[in-house]
Amino acid sequence: MSKTPAKSKKNNGKAGKPQAAEGRRATMAAAGGAAAGDDTVPVALMLPKPSLNEPMSAYFRKCEEKLGFVPNVLKAYAFDTAKLEAFVAMYNDLMLAPSGLSKLEREMIAVAVSSHNRCYYCLTAHGSAVRQLASDPVLGELMVMNYRAARLSKRQRAMLDFAVKLTAEPWAVEEEDRAKLRKAGFSDRDIWDISTVTAFFNMSNRVASATDMRPNSVYHGMTR
């Protein structure tokens with residue numbers, strides 16, 4: 001049998017690694033259902049092995065204690081400590097820090113934006129968060145499917161209309177749109193927060209879609 005040509009060896013190197021990740025995930029799914037393998041192969045890229053520093057190791061332990069698991073998005077970023085720290089800092093500031101927007105409203109923005117972008121990871125993870133924060137599984141499903149079908153307050157509807165317009169047609173946002181938010185009771189600082197949460201999830205949606213990031217399987221059954 002002849003030796004493998006050098007060109008073939010190259011094709012079986014770095015270029016073949018993403019295919020290996022996809023192949024492992026497909027094999028697991030065939031054996032154990034649609035979400036099988038999502039907790040062990042969170043993205044379709046073969047990235048460097050994580051090496052967490054002490055602050056990030058402590059953060060992962062805190063996730064395990066509070067949630068019972070480490071969200072796959074954190075595992076995905078863990079190959080690069082600087083990127084992981086930046087992502088965690090931005091997420092915590094936007095979604096958890098004091099704001100004129102409630103935590104539920106910020107999660108509603110995340111889901112409405114992700115619904116427009118059809119981001120599987122964020123719809124699953126943040127749809128679960130809406131269900132939990134609202135104590136209303138149906139609201140979570142409505143946010144995922146079509147927020148316009150939900151019985152929302154005028155404030156919430158104005159907020160989500162703005163977020164989706166900023167997602168779909170950012171060039172078309174003008175003073176009239178900001179005026180609608182002020183009329184609904186939002187301050188200019190609130191408008192900043194709506195805008196930055198919207199922008200963050202547009203970024204996250206695109207990274208998740210580009211890498212075929214998969215949500216932790218536990219999200220599917222939470223607050224049902």
# chains A, B, ... in the order shown; residues from 1 in each chain; ligands from 1
>>> residues_around(residues="segment 87-99 of chain A", least_positions_apart="4", cutoff="12 Å", atoms="only C-alpha atoms", output="PyMOL selection string")
chain A and resi 55-56+59-60+63+71+73-78+80-83+103-110+126+129+186-201+203-204+207
>>> closest_atom_pairs(of="segment 180-202 of chain A", to="segment 136-156 of chain A", cutoff="10 Å", atoms="only C-alpha atoms", output="tab-separated table")
residue	atom	partner	partner_atom	distance
A:Lys180	CA	A:Arg155	CA	9.6
A:Leu181	CA	A:Arg155	CA	7.7
A:Arg182	CA	A:Arg155	CA	9.6
A:Lys183	CA	A:Arg155	CA	8.8
A:Ala184	CA	A:Arg155	CA	5.0
A:Gly185	CA	A:Arg155	CA	6.9
A:Phe186	CA	A:Arg155	CA	8.0
>>> write_last_selection(atoms="C-alpha atoms", output="PDB file, in the first residue's frame")
ATOM      1  CA  LYS A 180     -41.391  56.414  21.811  1.00  0.00           C
ATOM      2  CA  LEU A 181     -39.264  54.915  24.570  1.00  0.00           C
ATOM      3  CA  ARG A 182     -39.353  58.142  26.580  1.00  0.00           C
ATOM      4  CA  LYS A 183     -43.132  58.264  26.169  1.00  0.00           C
ATOM      5  CA  ALA A 184     -43.312  54.692  27.525  1.00  0.00           C
ATOM      6  CA  GLY A 185     -41.481  55.848  30.666  1.00  0.00           C
ATOM      7  CA  PHE A 186     -37.841  55.088  29.911  1.00  0.00           C
TER       8      PHE A 186
END
>>> residues_around(residues="Phe69 of chain A", least_positions_apart="5", cutoff="10 Å", atoms="only C-alpha atoms", output="PyMOL selection string")
chain A and resi 39+60-64+216+218
>>> write_last_selection(atoms="C-alpha atoms", output="PDB file, in the first residue's frame")
ATOM      1  CA  ASP A  39     -22.807  19.063  27.368  1.00  0.00           C
ATOM      2  CA  PHE A  60     -16.878  28.337  37.475  1.00  0.00           C
ATOM      3  CA  ARG A  61     -17.216  26.864  40.972  1.00  0.00           C
ATOM      4  CA  LYS A  62     -19.742  29.575  41.831  1.00  0.00           C
ATOM      5  CA  CYS A  63     -21.767  28.634  38.734  1.00  0.00           C
ATOM      6  CA  GLU A  64     -21.745  25.004  39.831  1.00  0.00           C
ATOM      7  CA  ASN A 216     -26.603  22.860  28.258  1.00  0.00           C
ATOM      8  CA  VAL A 218     -30.592  21.010  31.461  1.00  0.00           C
TER       9      VAL A 218
END
